[in-house]
$ cat target23.txt   # compact mmCIF, C-alpha atoms and all ligand atoms
# COMPACT_ATOMS: atom_id res chain seq x y z
CA MET A 134 0.00 0.00 0.00
CA TYR A 135 2.72 2.48 1.08
CA ALA A 136 5.12 1.46 -1.69
CA GLN A 137 2.37 1.84 -4.28
CA GLU A 138 1.47 5.34 -3.06
CA VAL A 139 5.08 6.42 -3.01
CA LYS A 140 5.71 5.18 -6.51
CA SER A 141 2.65 7.01 -7.73
CA THR A 142 3.91 10.35 -6.31
CA GLY A 143 7.06 10.03 -8.37
CA LYS A 144 8.94 12.12 -5.78
CA GLY A 145 11.61 9.57 -5.05
CA LEU A 146 10.76 8.45 -1.51
CA LYS A 147 12.20 5.08 -0.56
CA THR A 148 9.99 2.05 -1.07
CA LEU A 149 9.58 -0.44 1.78
CA GLU A 150 12.01 -2.80 0.02
CA GLU A 151 14.67 -0.09 -0.14
CA MET A 152 14.47 0.73 3.59
CA ASP A 153 16.72 -0.81 6.21
CA PRO A 154 14.92 -3.14 8.64
CA GLU A 155 14.49 -0.54 11.42
CA GLU A 156 13.01 2.04 9.09
CA ARG A 157 10.79 -0.58 7.42
CA ALA A 158 9.41 -1.70 10.78
CA PHE A 159 8.75 1.95 11.64
CA GLN A 160 6.93 2.58 8.35
CA GLU A 161 4.87 -0.59 8.77
CA LYS A 162 3.70 0.67 12.17
CA ILE A 163 2.66 3.96 10.57
CA ASP A 164 0.84 2.14 7.78
CA ALA A 165 -0.99 0.04 10.41
CA ASN A 166 -2.06 3.26 12.23
CA ILE A 167 -0.06 2.42 15.34
CA LYS A 168 0.95 5.59 17.18
CA ILE A 169 4.62 6.46 17.57
CA GLU A 170 5.55 7.54 21.10
CA PRO A 171 8.49 9.84 22.04
CA LYS A 172 10.96 7.26 23.34
CA GLU A 173 10.57 4.87 20.40
CA TRP A 174 12.99 4.71 17.49
CA MET A 175 12.15 7.07 14.66
CA PRO A 176 13.99 8.28 11.55
CA GLU A 177 15.81 11.55 12.12
CA GLY A 178 13.80 13.17 9.31
CA TYR A 179 10.51 12.22 11.01
CA ARG A 180 11.70 13.78 14.28
CA LYS A 181 12.90 16.96 12.55
CA THR A 182 9.73 17.33 10.48
CA LEU A 183 7.58 16.97 13.57
CA ILE A 184 9.65 19.52 15.50
CA ARG A 185 9.34 21.95 12.59
CA GLN A 186 5.60 21.51 12.14
CA ILE A 187 4.61 21.32 15.81
CA SER A 188 6.80 24.24 16.89
CA GLN A 189 5.56 26.38 13.98
CA HIS A 190 2.04 25.45 14.95
CA ALA A 191 2.78 26.44 18.58
CA HIS A 192 4.29 29.76 17.49
CA SER A 193 1.16 30.42 15.40
CA GLU A 194 -1.07 29.95 18.43
CA ILE A 195 1.04 32.36 20.47
CA VAL A 196 1.52 35.03 17.78
CA GLY A 197 -2.15 34.50 16.87
CA GLN A 198 -3.12 36.04 20.20
CA LEU A 199 -1.83 39.44 19.08
CA PRO A 200 -4.36 40.49 16.41
CA GLU A 201 -7.32 39.55 18.62
CA GLY A 202 -5.72 40.73 21.86
CA ASN A 203 -5.72 44.14 20.18
CA TRP A 204 -9.54 44.21 20.58
CA ILE A 205 -10.01 42.95 24.15
CA THR A 206 -10.14 46.47 25.58
CA ARG A 207 -12.46 47.65 22.79
CA ALA A 208 -14.99 44.80 22.62
CA PRO A 209 -18.46 46.35 22.26
CA THR A 210 -20.10 44.69 25.32
CA LEU A 211 -19.01 43.09 28.58
CA ASP A 212 -20.13 39.66 27.28
CA ARG A 213 -18.09 40.02 24.10
CA LYS A 214 -15.08 41.10 26.14
CA ALA A 215 -15.35 38.06 28.44
CA ILE A 216 -15.76 35.70 25.48
CA LEU A 217 -12.81 37.19 23.58
CA LEU A 218 -10.63 37.11 26.68
CA ALA A 219 -11.41 33.40 27.13
CA LYS A 220 -10.72 32.68 23.47
CA VAL A 221 -7.36 34.44 23.49
CA GLN A 222 -6.42 32.57 26.67
CA ASP A 223 -7.37 29.30 24.96
CA GLU A 224 -4.87 30.10 22.19
CA ALA A 225 -2.12 30.48 24.81
CA GLY A 226 -3.11 27.05 26.16
CA HIS A 227 -2.90 25.55 22.65
CA GLY A 228 0.59 26.96 22.30
CA LEU A 229 1.60 25.36 25.58
CA TYR A 230 0.25 21.88 24.72
CA LEU A 231 2.06 22.08 21.41
CA TYR A 232 5.37 23.25 22.90
CA CYS A 233 5.13 20.34 25.36
CA ALA A 234 4.46 17.87 22.53
CA ALA A 235 7.52 19.19 20.63
CA GLU A 236 9.67 19.01 23.78
CA THR A 237 9.14 15.23 23.89
CA LEU A 238 11.20 15.13 20.67
CA GLY A 239 14.33 16.53 22.31
CA ILE A 240 14.11 20.28 21.78
CA SER A 241 13.64 22.77 24.61
CA ARG A 242 11.04 25.54 24.81
CA ASP A 243 13.88 28.09 24.93
CA GLN A 244 15.39 26.72 21.72
CA MET A 245 12.03 26.93 19.96
CA THR A 246 11.50 30.48 21.21
CA GLU A 247 14.95 31.42 19.99
CA GLN A 248 14.09 30.05 16.53
CA LEU A 249 10.91 32.14 16.45
CA LEU A 250 12.55 35.34 17.65
CA SER A 251 15.47 35.03 15.24
CA GLY A 252 13.05 34.56 12.34
CA LYS A 253 14.30 31.03 11.63
CA ALA A 254 10.99 29.38 12.51
CA LYS A 255 7.79 30.38 10.78
CA TYR A 256 4.33 31.04 12.15
CA SER A 257 1.11 31.14 10.16
CA SER A 258 1.01 33.80 7.43
CA ILE A 259 -2.51 34.81 8.52
CA PHE A 260 -1.32 36.59 11.64
CA ASN A 261 0.57 39.19 9.65
CA TYR A 262 -2.61 41.06 8.75
CA PRO A 263 -4.05 43.88 10.88
CA THR A 264 -7.39 43.82 12.76
CA LEU A 265 -8.90 47.15 11.74
CA THR A 266 -12.48 46.88 13.03
CA TRP A 267 -14.55 44.80 15.46
CA ALA A 268 -15.87 42.82 12.48
CA ASP A 269 -12.34 41.49 11.99
CA ILE A 270 -12.73 39.63 15.29
CA GLY A 271 -15.83 37.96 13.84
CA ALA A 272 -14.02 37.16 10.61
CA ILE A 273 -11.03 35.68 12.43
CA GLY A 274 -13.21 33.37 14.54
CA TRP A 275 -15.33 32.31 11.58
CA LEU A 276 -12.67 32.03 8.86
CA VAL A 277 -9.29 31.67 10.59
CA ASP A 278 -10.46 29.30 13.31
CA GLY A 279 -12.62 27.62 10.66
CA ALA A 280 -9.54 27.01 8.50
CA ALA A 281 -7.56 25.90 11.55
CA ILE A 282 -10.24 23.31 12.40
CA MET A 283 -10.33 22.04 8.82
CA ASN A 284 -6.56 21.53 9.01
CA GLN A 285 -6.41 20.18 12.56
CA VAL A 286 -9.29 17.69 12.73
CA PRO A 287 -7.38 15.23 10.49
CA ILE A 288 -4.19 15.80 12.56
CA GLN A 289 -6.06 14.25 15.52
CA ARG A 290 -5.35 10.97 13.68
CA CYS A 291 -1.68 11.73 12.94
CA SER A 292 0.99 9.16 13.72
CA PHE A 293 2.77 10.91 16.61
CA GLY A 294 0.97 10.24 19.91
CA PRO A 295 1.57 13.53 21.80
CA TYR A 296 0.67 15.67 18.75
CA SER A 297 -2.47 13.71 17.98
CA ARG A 298 -3.65 13.85 21.60
CA ALA A 299 -2.97 17.60 21.86
CA MET A 300 -5.07 18.12 18.73
CA ILE A 301 -8.13 16.44 20.27
CA ARG A 302 -8.35 19.07 23.00
CA VAL A 303 -7.38 21.91 20.67
CA CYS A 304 -10.10 21.03 18.15
CA LYS A 305 -12.83 21.02 20.81
CA GLU A 306 -11.86 24.56 21.78
CA GLU A 307 -11.47 25.73 18.18
CA SER A 308 -15.09 24.75 17.49
CA PHE A 309 -16.24 27.15 20.20
CA HIS A 310 -13.96 29.82 18.71
CA GLN A 311 -15.46 29.41 15.29
CA ARG A 312 -19.03 29.60 16.61
CA GLN A 313 -18.28 32.80 18.54
CA GLY A 314 -16.80 34.36 15.39
CA TYR A 315 -19.79 33.38 13.27
CA ASP A 316 -22.10 34.75 15.96
CA ILE A 317 -20.34 38.15 15.79
CA MET A 318 -20.71 38.12 11.98
CA MET A 319 -24.39 37.15 12.26
CA VAL A 320 -25.18 40.07 14.60
CA LEU A 321 -23.35 42.51 12.32
CA ALA A 322 -24.79 41.13 9.09
CA LYS A 323 -28.33 41.41 10.46
CA GLY A 324 -27.66 44.83 12.04
CA THR A 325 -27.65 48.34 10.55
CA PRO A 326 -26.46 48.89 6.95
CA GLU A 327 -23.19 50.26 8.38
CA GLN A 328 -22.69 47.13 10.49
CA LYS A 329 -23.40 44.88 7.51
CA GLU A 330 -20.91 46.87 5.46
CA MET A 331 -18.31 46.39 8.19
CA ALA A 332 -18.92 42.61 8.12
CA GLN A 333 -18.59 42.56 4.30
CA ASP A 334 -15.38 44.59 4.47
CA ALA A 335 -13.89 42.14 6.99
CA LEU A 336 -14.86 39.19 4.77
CA ASN A 337 -13.27 40.95 1.78
CA ARG A 338 -9.97 41.38 3.63
CA TRP A 339 -9.78 37.99 5.38
CA TRP A 340 -11.08 35.63 2.66
CA TRP A 341 -7.96 35.28 0.55
CA PRO A 342 -5.45 35.21 3.44
CA SER A 343 -7.58 32.44 5.02
CA LEU A 344 -7.23 30.34 1.85
CA MET A 345 -3.45 30.87 2.01
CA MET A 346 -3.34 29.37 5.52
CA PHE A 347 -3.49 25.88 4.00
CA GLY A 348 -0.06 26.41 2.48
CA PRO A 349 1.24 26.57 -1.10
CA PRO A 350 -0.44 24.64 -3.93
CA ASP A 351 0.34 20.90 -3.85
CA ALA A 352 2.76 21.21 -6.77
CA GLU A 353 4.87 23.68 -4.74
CA SER A 354 4.52 22.04 -1.32
CA VAL A 355 7.99 20.90 -0.28
CA HIS A 356 7.02 18.63 2.60
CA SER A 357 3.59 17.18 1.77
CA VAL A 358 4.60 13.90 0.11
CA GLN A 359 6.97 12.76 2.87
CA SER A 360 4.78 14.16 5.65
CA MET A 361 1.78 12.27 4.29
CA ALA A 362 3.76 9.05 3.99
CA TRP A 363 4.66 9.48 7.67
CA LYS A 364 1.07 10.53 8.55
CA ILE A 365 2.28 13.79 10.01
CA LYS A 366 -0.10 15.36 7.51
CA MET A 367 -3.25 13.44 6.56
CA ASN A 368 -4.33 15.53 3.55
CA THR A 369 -2.71 17.73 0.96
CA ASN A 370 -2.90 21.52 1.18
CA ASP A 371 -5.22 21.77 -1.84
CA GLU A 372 -7.59 19.07 -0.56
CA LEU A 373 -8.16 20.93 2.70
CA ARG A 374 -8.43 24.32 0.96
CA GLN A 375 -11.16 22.92 -1.32
CA LYS A 376 -13.07 21.48 1.65
CA PHE A 377 -12.84 24.83 3.42
CA VAL A 378 -14.25 26.72 0.42
CA ASP A 379 -17.08 24.20 0.03
CA GLN A 380 -17.99 24.49 3.70
CA THR A 381 -17.66 28.25 4.04
CA VAL A 382 -19.40 29.63 0.93
CA PRO A 383 -22.89 28.53 2.10
CA GLN A 384 -22.15 30.07 5.51
CA ALA A 385 -21.40 33.41 3.80
CA GLU A 386 -24.63 33.08 1.80
CA TYR A 387 -26.59 32.50 4.99
CA LEU A 388 -25.14 35.75 6.35
CA GLY A 389 -26.18 37.55 3.15
CA LEU A 390 -22.52 38.41 2.45
CA LYS A 391 -20.63 38.06 -0.83
CA VAL A 392 -17.43 36.06 -1.05
CA PRO A 393 -14.97 38.41 -2.84
CA ASP A 394 -14.26 36.09 -5.75
CA ASP A 395 -15.88 36.67 -9.16
CA ASP A 396 -14.68 33.26 -10.36
CA LEU A 397 -16.44 31.37 -7.58
CA LYS A 398 -18.85 28.92 -9.18
CA TRP A 399 -20.45 25.63 -8.16
CA ASN A 400 -19.05 22.78 -10.24
CA GLU A 401 -21.62 19.98 -10.40
CA GLU A 402 -19.12 17.51 -11.80
CA LYS A 403 -16.57 17.81 -9.03
CA ASP A 404 -19.29 18.39 -6.42
CA GLY A 405 -17.44 21.45 -5.14
CA TYR A 406 -16.73 25.08 -5.93
CA ASP A 407 -14.30 26.34 -8.54
CA PHE A 408 -12.57 29.39 -7.20
CA GLY A 409 -10.24 32.12 -8.41
CA GLU A 410 -6.46 32.27 -8.47
CA ILE A 411 -4.80 32.94 -5.11
CA ASP A 412 -2.15 35.67 -5.08
CA TRP A 413 0.81 33.44 -4.18
CA GLY A 414 3.16 36.38 -4.66
CA GLU A 415 1.54 37.99 -1.59
CA PHE A 416 1.88 34.73 0.38
CA TYR A 417 5.59 34.32 -0.38
CA GLU A 418 6.28 37.97 0.47
CA ILE A 419 4.73 37.37 3.90
CA LEU A 420 6.89 34.27 4.35
CA LYS A 421 9.92 36.46 3.62
CA GLY A 422 8.87 38.84 6.40
CA ASN A 423 7.35 41.53 4.19
CA GLY A 424 3.67 41.31 5.15
CA PRO A 425 1.73 44.27 6.59
CA CYS A 426 2.41 43.28 10.24
CA ASN A 427 5.42 40.90 10.22
CA LYS A 428 7.73 43.36 11.95
CA GLU A 429 5.11 44.41 14.49
CA ARG A 430 4.28 40.79 15.42
CA LEU A 431 7.87 39.66 15.82
CA GLY A 432 8.69 42.92 17.62
CA ALA A 433 5.89 42.25 20.13
CA ARG A 434 7.20 38.73 20.84
CA GLN A 435 10.79 39.99 21.17
CA LYS A 436 9.67 42.68 23.63
CA ALA A 437 7.63 40.16 25.67
CA TRP A 438 10.67 37.87 25.83
CA SER A 439 13.04 40.59 27.02
CA ASP A 440 10.46 42.10 29.43
CA GLY A 441 10.00 38.66 30.99
CA GLU A 442 13.69 38.05 31.58
CA TRP A 443 13.67 39.15 35.25
CA PHE A 444 10.76 36.80 35.92
CA ARG A 445 12.42 33.80 34.26
CA GLU A 446 15.60 34.49 36.18
CA GLY A 447 13.60 34.72 39.41
CA LEU A 448 11.98 31.35 38.75
CA MET A 449 15.31 29.71 37.98
CA ALA A 450 16.99 31.25 41.06
CA TYR A 451 14.29 29.75 43.27
CA SER A 452 14.52 26.33 41.68
CA LYS A 453 18.35 26.37 41.95
CA LYS A 454 18.11 27.33 45.63
CA ARG A 455 15.61 24.54 46.28
CA LYS A 456 17.85 22.00 44.56
CA ALA A 457 20.89 23.16 46.58
CA ARG A 458 18.89 22.85 49.85
CA LYS A 459 17.79 19.33 48.89
CA VAL A 460 21.37 18.26 48.15
CA ALA A 461 22.57 19.75 51.46
CA ALA A 462 19.85 17.88 53.36
CA GLU A 463 20.80 14.49 51.85
N1 LIG B 1 2.14 30.32 6.86
O1 LIG B 1 5.72 22.12 2.18
P1 LIG B 1 4.65 22.97 2.76
C1 LIG B 1 -4.44 28.74 14.15
C2 LIG B 1 5.59 27.16 4.81
S1 LIG B 1 -3.18 27.65 13.96
C3 LIG B 1 3.48 30.33 7.00
O2 LIG B 1 3.27 22.79 2.24
P2 LIG B 1 3.96 21.86 5.34
C4 LIG B 1 -5.19 28.78 15.45
C5 LIG B 1 6.00 25.83 5.42
O3 LIG B 1 6.24 25.95 6.81
C6 LIG B 1 -2.51 27.98 12.35
N2 LIG B 1 4.27 29.41 6.42
O4 LIG B 1 4.71 22.87 4.35
C7 LIG B 1 -5.54 30.17 15.78
C8 LIG B 1 7.22 25.50 4.60
O5 LIG B 1 8.34 26.25 5.05
P3 LIG B 1 9.50 25.61 6.00
C9 LIG B 1 -1.31 27.18 12.14
C10 LIG B 1 3.67 28.44 5.68
O6 LIG B 1 4.50 22.08 6.69
C11 LIG B 1 -6.65 30.75 15.23
C12 LIG B 1 6.87 26.05 3.23
O7 LIG B 1 5.87 27.04 3.43
N3 LIG B 1 -1.66 25.81 11.91
O8 LIG B 1 -4.68 29.42 13.24
C13 LIG B 1 2.29 28.38 5.53
O9 LIG B 1 3.95 20.49 4.80
C14 LIG B 1 -6.99 32.07 15.57
C15 LIG B 1 6.38 24.98 2.26
O10 LIG B 1 5.06 24.51 2.60
C16 LIG B 1 -0.72 24.84 11.79
O11 LIG B 1 0.46 25.11 11.93
C17 LIG B 1 1.51 29.37 6.15
N4 LIG B 1 0.16 29.41 6.06
O12 LIG B 1 2.43 22.37 5.30
C18 LIG B 1 -4.77 30.87 16.67
C19 LIG B 1 -1.23 23.45 11.55
N5 LIG B 1 1.99 27.32 4.75
O13 LIG B 1 8.86 25.18 7.30
C20 LIG B 1 -5.09 32.18 17.03
C21 LIG B 1 -0.14 22.44 11.40
C22 LIG B 1 3.17 26.73 4.42
O14 LIG B 1 10.08 24.44 5.25
C23 LIG B 1 -6.23 32.77 16.47
N6 LIG B 1 0.66 22.65 10.24
N7 LIG B 1 4.16 27.44 4.97
O15 LIG B 1 10.47 26.73 6.22
C24 LIG B 1 0.38 22.15 9.01
O16 LIG B 1 -0.62 21.49 8.80
C25 LIG B 1 1.38 22.39 7.91
O17 LIG B 1 2.60 22.79 8.49
C26 LIG B 1 0.91 23.44 6.86
C27 LIG B 1 2.05 23.63 5.84
C28 LIG B 1 -0.33 22.96 6.13
C29 LIG B 1 0.62 24.80 7.50

$ encode --input "target23.txt" --output "structure tokens"
Amino acid sequence: MYAQEVKSTGKGLKTLEEMDPEERAFQEKIDANIKIEPKEWMPEGYRKTLIRQISQHAHSEIVGQLPEGNWITRAPTLDRKAILLAKVQDEAGHGLYLYCAAETLGISRDQMTEQLLSGKAKYSSIFNYPTLTWADIGAIGWLVDGAAIMNQVPIQRCSFGPYSRAMIRVCKEESFHQRQGYDIMMVLAKGTPEQKEMAQDALNRWWWPSLMMFGPPDAESVHSVQSMAWKIKMNTNDELRQKFVDQTVPQAEYLGLKVPDDDLKWNEEKDGYDFGEIDWGEFYEILKGNGPCNKERLGARQKAWSDGEWFREGLMAYSKKRKARKVAAE
């Protein structure tokens, strides 16, 4: 089964016959849907790919707090403020589960943070756009969390135990996030003409960046073939993007809003929507650090890291003192 799939991709992955016995046994476990746990043998590439993906995912959750955090003090009602505060706190929790899952692979939280702050590690392109109005908070919950769920539900079944288990909890919370975002959009879309216009403007600005979240087109995706063979990814970028469009367009229609894509058309034959060309030039510019908010986002994380130095030192001093006392008592 695996060998057949690999041959059909034509991307030169080893077949089962070409693998050494340890690697073959590992791949057979993956093919049989047996979870891989941290202390078990794994190919170095599998470990590195997981560290890359999980840490980038963790960084996305943490950086992702910034655009929404921007609106906590300006939420229109006390209820909305409490809900948004809880949602942003949830994202911090997701970051922590994910950092912990990556740490089981032999990298420390400090090393991952260093990779983020130096610009070596990526975080999701979507968080480099500004949140200009309250409607953006609705659009983020509906579209960004919606895209995150579409991507993360299959990862609940991924091959690495700690990642798959973290995803189960994360997905439950993301569903609440998406509902709260859609609820904001619903109130605005059924409100005054100005409120409806604000909702439409947010949809116009967040639609295309949300489609980019799924990553480059399959033909340009560097990691997909190997990651799918290892079940680190369960679907290709384009498959998930298509599912997201098919799910979200009717939701926009229900709101009475127009998806900003003149080429969007139901295709009976493929049982899904055809949609317009994504501006991949914009996506790659963001990956290079040239998006509207890249510098601001990284600057905020760098400031938080240096502002927190005294606190980290305090924590370590206490733990060192406790250890020294314990040794002296023995
Ligand atoms: N942004 O070969 P592929 C959230 C990079 S969580 C930036 O296709 P892969 C919750 C990619 O890293 C959102 N970079 O890569 C929330 C690679 O570069 P590298 C995050 C991107 O890994 C909501 C290169 O392009 N979710 O939103 C992006 O197989 C609201 C080639 O790409 C996850 O991380 C991008 N969009 O597939 C929080 C889910 N796409 O690393 C707060 C887990 C691609 O070699 C508020 N991750 N690149 O330097 C994944 O499923 C995968 O990593 C993909 C990318 C699908 C994102």

$ residues_near_ligand --input "target23.txt" --ligand "ligand LIG 1 (chain B)" --cutoff "6 Å" --atoms "only C-alpha atoms and all ligand atoms" --output "list in words"
Gln186, Gln189, His190, Ser193, Glu194, Gly197, Gln198, Glu224, Lys255, Tyr256, Ser257, Ser258, Val277, Asp278, Ala281, Asn284, Met345, Met346, Phe347, Gly348, Pro349, Ser354, Val355, His356, Ser357, Asn370 and Leu420 of chain A

$ write_last_selection --input "target23.txt" --atoms "C-alpha atoms" --output "PDB file, in the coordinates of the input"
ATOM      1  CA  GLN A 186       5.600  21.510  12.140  1.00  0.00           C
ATOM      2  CA  GLN A 189       5.560  26.380  13.980  1.00  0.00           C
ATOM      3  CA  HIS A 190       2.040  25.450  14.950  1.00  0.00           C
ATOM      4  CA  SER A 193       1.160  30.420  15.400  1.00  0.00           C
ATOM      5  CA  GLU A 194      -1.070  29.950  18.430  1.00  0.00           C
ATOM      6  CA  GLY A 197      -2.150  34.500  16.870  1.00  0.00           C
ATOM      7  CA  GLN A 198      -3.120  36.040  20.200  1.00  0.00           C
ATOM      8  CA  GLU A 224      -4.870  30.100  22.190  1.00  0.00           C
ATOM      9  CA  LYS A 255       7.790  30.380  10.780  1.00  0.00           C
ATOM     10  CA  TYR A 256       4.330  31.040  12.150  1.00  0.00           C
ATOM     11  CA  SER A 257       1.110  31.140  10.160  1.00  0.00           C
ATOM     12  CA  SER A 258       1.010  33.800   7.430  1.00  0.00           C
ATOM     13  CA  VAL A 277      -9.290  31.670  10.590  1.00  0.00           C
ATOM     14  CA  ASP A 278     -10.460  29.300  13.310  1.00  0.00           C
ATOM     15  CA  ALA A 281      -7.560  25.900  11.550  1.00  0.00           C
ATOM     16  CA  ASN A 284      -6.560  21.530   9.010  1.00  0.00           C
ATOM     17  CA  MET A 345      -3.450  30.870   2.010  1.00  0.00           C
ATOM     18  CA  MET A 346      -3.340  29.370   5.520  1.00  0.00           C
ATOM     19  CA  PHE A 347      -3.490  25.880   4.000  1.00  0.00           C
ATOM     20  CA  GLY A 348      -0.060  26.410   2.480  1.00  0.00           C
ATOM     21  CA  PRO A 349       1.240  26.570  -1.100  1.00  0.00           C
ATOM     22  CA  SER A 354       4.520  22.040  -1.320  1.00  0.00           C
ATOM     23  CA  VAL A 355       7.990  20.900  -0.280  1.00  0.00           C
ATOM     24  CA  HIS A 356       7.020  18.630   2.600  1.00  0.00           C
ATOM     25  CA  SER A 357       3.590  17.180   1.770  1.00  0.00           C
ATOM     26  CA  ASN A 370      -2.900  21.520   1.180  1.00  0.00           C
ATOM     27  CA  LEU A 420       6.890  34.270   4.350  1.00  0.00           C
TER      28      LEU A 420
END

$ residues_around --input "target23.txt" --residues "Asp394 (chain A)" --least-positions-apart "4" --cutoff "12 Å" --atoms "only C-alpha atoms" --output "PDB file with C-alpha atoms, in the coordinates of the input"
ATOM      1  CA  LEU A 336     -14.860  39.190   4.770  1.00  0.00           C
ATOM      2  CA  ASN A 337     -13.270  40.950   1.780  1.00  0.00           C
ATOM      3  CA  ARG A 338      -9.970  41.380   3.630  1.00  0.00           C
ATOM      4  CA  TRP A 340     -11.080  35.630   2.660  1.00  0.00           C
ATOM      5  CA  TRP A 341      -7.960  35.280   0.550  1.00  0.00           C
ATOM      6  CA  LEU A 344      -7.230  30.340   1.850  1.00  0.00           C
ATOM      7  CA  VAL A 378     -14.250  26.720   0.420  1.00  0.00           C
ATOM      8  CA  VAL A 382     -19.400  29.630   0.930  1.00  0.00           C
ATOM      9  CA  LEU A 390     -22.520  38.410   2.450  1.00  0.00           C
ATOM     10  CA  LYS A 398     -18.850  28.920  -9.180  1.00  0.00           C
ATOM     11  CA  TYR A 406     -16.730  25.080  -5.930  1.00  0.00           C
ATOM     12  CA  ASP A 407     -14.300  26.340  -8.540  1.00  0.00           C
ATOM     13  CA  PHE A 408     -12.570  29.390  -7.200  1.00  0.00           C
ATOM     14  CA  GLY A 409     -10.240  32.120  -8.410  1.00  0.00           C
ATOM     15  CA  GLU A 410      -6.460  32.270  -8.470  1.00  0.00           C
ATOM     16  CA  ILE A 411      -4.800  32.940  -5.110  1.00  0.00           C
TER      17      ILE A 411
END

$ closest_residue --input "target23.txt" --among "A:Glu177, A:Glu170, A:Asp269, A:Glu150" --to "Thr237 (chain A)" --atoms "all atoms listed in the file"
A:Glu170

$ atom_distance --input "target23.txt" --atom1 "CA of Ala215 (chain A)" --atom2 "CA of Met318 (chain A)"
17.3 Å

$ closest_residue --input "target23.txt" --among "A:Asp351, A:Glu161, A:Glu446, A:Glu201" --to "Glu372 (chain A)" --atoms "all atoms listed in the file"
A:Asp351

$ closest_residue --input "target23.txt" --among "A:Asn261, A:Gln375, A:Gln328, A:Gln248" --to "Glu429 (chain A)" --atoms "all atoms listed in the file"
A:Asn261

$ closest_residue --input "target23.txt" --among "A:Gly274, A:Glu155, A:Cys291, A:Ile282" --to "Ser360 (chain A)" --atoms "only C-alpha atoms"
A:Cys291

$ closest_residue --input "target23.txt" --among "A:Pro154, A:Gly145, A:Pro200, A:Pro342" --to "Ala362 (chain A)" --atoms "all atoms listed in the file"
A:Gly145

$ closest_residue --input "target23.txt" --among "A:Ala385, A:Ala208, A:Ala437, A:Leu397" --to "Thr266 (chain A)" --atoms "only C-alpha atoms"
A:Ala208

$ atom_distance --input "target23.txt" --atom1 "CA of Tyr262 (chain A)" --atom2 "CA of Gly424 (chain A)"
7.2 Å

$ atom_distance --input "target23.txt" --atom1 "CA of Gly279 (chain A)" --atom2 "CA of Lys428 (chain A)"
25.8 Å

$ residues_around --input "target23.txt" --residues "Met319 (chain A)" --least-positions-apart "4" --cutoff "9 Å" --atoms "all atoms listed in the file" --output "PyMOL selection string"
chain A and resi 271+314-315+323-324+332+387-388

$ axis_aligned_box --input "target23.txt" --around "region 317-332 of chain A" --padding-each-side "5 Å" --output "lines of an AutoDock Vina configuration file"
center_x = -23.3
center_y = 43.7
center_z = 10.6
size_x = 20.0
size_y = 23.1
size_z = 20.3

$ closest_atom_pairs --input "target23.txt" --of "region 245-336 of chain A" --to "region 226-232 of chain A" --cutoff "9 Å" --atoms "only C-alpha atoms" --output "CSV"
residue,atom,partner,partner_atom,distance
A:Met245,CA,A:Tyr232,CA,8.2
A:Pro295,CA,A:Leu231,CA,8.6
A:Tyr296,CA,A:Leu231,CA,7.1
A:Ala299,CA,A:Tyr230,CA,6.1
A:Met300,CA,A:Leu231,CA,8.6
A:Arg302,CA,A:His227,CA,8.5
A:Val303,CA,A:His227,CA,6.1
